[in-house]
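Okay, so here's the structure we're looking at.
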Amino acid sequence: MKRKLITRLVLLLGIAFLILAPILGYTMDKLVKYDKTGITIDEESNNTIQEAFAYPISLSRGQKVTIEFGVYYANVSATLKILGKGFYDQQLGLNNSPSTLNGLYFVYTQFAWGAYPSSYTYSDNARTFDFSEDGYYYIEFAGGASGDYLISIPGSYVIVVYGENNGPASDTMVSFNLRVKIDGPGEFLEELFYYLGTGVIVVVILFLSYRHYKKLKGGR
Amino acid sequence: MRLEEENSFFDRFSLLDKKKATKYIVYGLIGAILFGLMMMISRSIAQNAWTWQNLANQQNSTDFWNGVYGYTDYVKRQQEIIEIRYWMEWQDVIFMNIARVGVNIALFFILIGFLSFALNEQIDEKTRRISLVISALVLFVMMFTTFFASISISVS
């Protein structure tokens, strides 16, 4: 009786693994590292990098970061660049203007319905929303880019945002929205749980078959 | 000289009594059905791999257009779809060979079962003859499917 209960519990565990696999895969696919609307910096950030917004990220081989950058605020001009950590630290010490620095290449996408995805994917080393523009960019970065494709270069990087306010002289605030997501262990966990679930069920079936065979043979 | 040495090869099959021979035939049939089912499922998956790929590609495009993920994830998924399709085609080679071996073993059981019927003197002459014909047919199928890969039976 106890053995029967244990077998059933193990079988249920196997089924639970199989159900959990896609759920874990979906939820852990991308980890939200930073998500904030209305981040405010001073327009002095346009002249000195120390005033600019900076968010450090670290990427391993094959890993990429997804950045959703949006501006929906009056009189705001904002630019996003990604710099190597070493280069950023050097420029931070010199306190140079971020507008003069060359950012690393990333790809950004527009979700054009019905169009072939590569036709609406571009690579660039900076993205700017001008005073007259509102908008949203879906950016992917892995260290470098060539055409539509990302190049994986593991290392430490810094996402830098700076800008200007074109409103009254007293209004110096630059606001923007930013969401940073990094590739998580979702794919690995999904595969692992599929293997675990299948393995457990196969073991239970083999065990039950063996017991049945033993009964047929007259043992026990 | 020992008694066992006097017995011919076929004499040994007569050792299978009616009950055991029936068991051999039933097990052989079950084995053949199961391995045959495996063959058909495996072949069906391989033949429909392209249809699946078209569906998965469309789902991938829709997910991209909905903004579920970006271009890099789209390309990654596209490559995964191609890899899975290759696996769907390749598994056919693996499972078909396993099934071929399995079916032949199952047919061997059926052959032994019918041969035992044919050699069993307690069974009436007519049944023994039919059993011999069936076992000859099974042997014929086994030999041809084993040695000539181009010969196959298709059910549509």
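Ordered as shown in the structure tokens, chains take letters A, B, and onward, while each chain numbers its residues from 1 and ligands are numbered from 1 in the order shown.
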Go through chain A and flag each residue having an atom no more than 12 Å from chain B; for those, report the closest pair of atoms plus their distance in Å to one decimal, using only C-alpha atoms, ordered by chain and rising number, as CSV.
```
residue,atom,partner,partner_atom,distance
A:Tyr26,CA,B:Val68,CA,10.9
A:Asp29,CA,B:Tyr69,CA,10.6
A:Lys30,CA,B:Tyr69,CA,10.0
A:Gly62,CA,B:Lys76,CA,11.0
A:Gln63,CA,B:Thr72,CA,11.1
A:Lys64,CA,B:Thr72,CA,9.1
A:Val65,CA,B:Thr72,CA,10.7
A:Thr66,CA,B:Gly70,CA,8.4
A:Ile67,CA,B:Gly70,CA,10.4
A:Glu68,CA,B:Gly70,CA,10.7
A:Phe106,CA,B:Thr72,CA,10.8
A:Val107,CA,B:Tyr71,CA,8.4
A:Tyr108,CA,B:Tyr71,CA,8.1
A:Thr109,CA,B:Gly70,CA,6.5
A:Gln110,CA,B:Gly70,CA,8.6
A:Phe111,CA,B:Trp65,CA,5.0
A:Ala112,CA,B:Trp65,CA,6.2
A:Trp113,CA,B:Trp65,CA,5.2
A:Gly114,CA,B:Trp65,CA,7.3
A:Ala115,CA,B:Trp65,CA,8.4
A:Tyr116,CA,B:Ser61,CA,8.2
A:Pro117,CA,B:Tyr71,CA,6.5
A:Ser118,CA,B:Tyr71,CA,7.1
A:Ser119,CA,B:Tyr71,CA,10.1
A:Tyr120,CA,B:Tyr71,CA,8.9
A:Thr121,CA,B:Tyr71,CA,6.8
A:Tyr122,CA,B:Tyr71,CA,9.7
A:Ser123,CA,B:Tyr71,CA,11.2
A:Tyr137,CA,B:Gly70,CA,10.8
A:Tyr138,CA,B:Gly70,CA,7.3
A:Ile139,CA,B:Gly70,CA,8.1
A:Glu140,CA,B:Thr72,CA,7.4
A:Phe141,CA,B:Thr72,CA,9.3
A:Ala142,CA,B:Thr72,CA,10.0
A:Ala145,CA,B:Thr72,CA,10.8
A:Gly147,CA,B:Thr72,CA,11.7
A:Asp148,CA,B:Tyr71,CA,8.0
A:Tyr149,CA,B:Thr72,CA,7.0
A:Leu150,CA,B:Thr72,CA,7.1
A:Ile151,CA,B:Thr72,CA,10.3
A:Ser152,CA,B:Thr72,CA,11.4
A:Lys181,CA,B:Tyr69,CA,11.3
A:Asp183,CA,B:Asp73,CA,10.3
A:Glu187,CA,B:Arg77,CA,11.5
```
Inset, instruction - Determine which residues of chain A receive a DSSP assignment of strand (DSSP E), computed from the backbone, and state them as a PyMOL selection string. - result: chain A and resi 30-42+53-59+65-71+76-84+106-109+121-124+127-129+135-141+143-146+149-152+155-165+173-183
Inset, instruction - Would you mind writing down, as a PyMOL selection string, each residue of range 2-218 of chain A that DSSP on the backbone assigns to helix (DSSP H, G or I)? - result: chain A and resi 2-27+43-46+49-51+85-94+98-100+117-120+186-216
Inset, instruction - Report the distance between CA of Val141 in chain B and CA of Arg43 in chain B in Å, rounded to one decimal place. - result: 20.5 Å
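Among the candidates A:Ala16, A:Ala78, A:Val10, A:Val160, the one nearest to Ile205 in chain A when counting only C-alpha atoms is A:Val10.
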Legend entry - Counting only C-alpha atoms, the option among A:Ser156, A:Ser77, A:Asn177, A:Ser60 closest to Asp42 in chain A: A:Ser77
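Nearest to Thr7 in chain A of all the residues A:Asn102, A:Val200, A:Ala169, A:Tyr88 is A:Val200, based on only C-alpha atoms.
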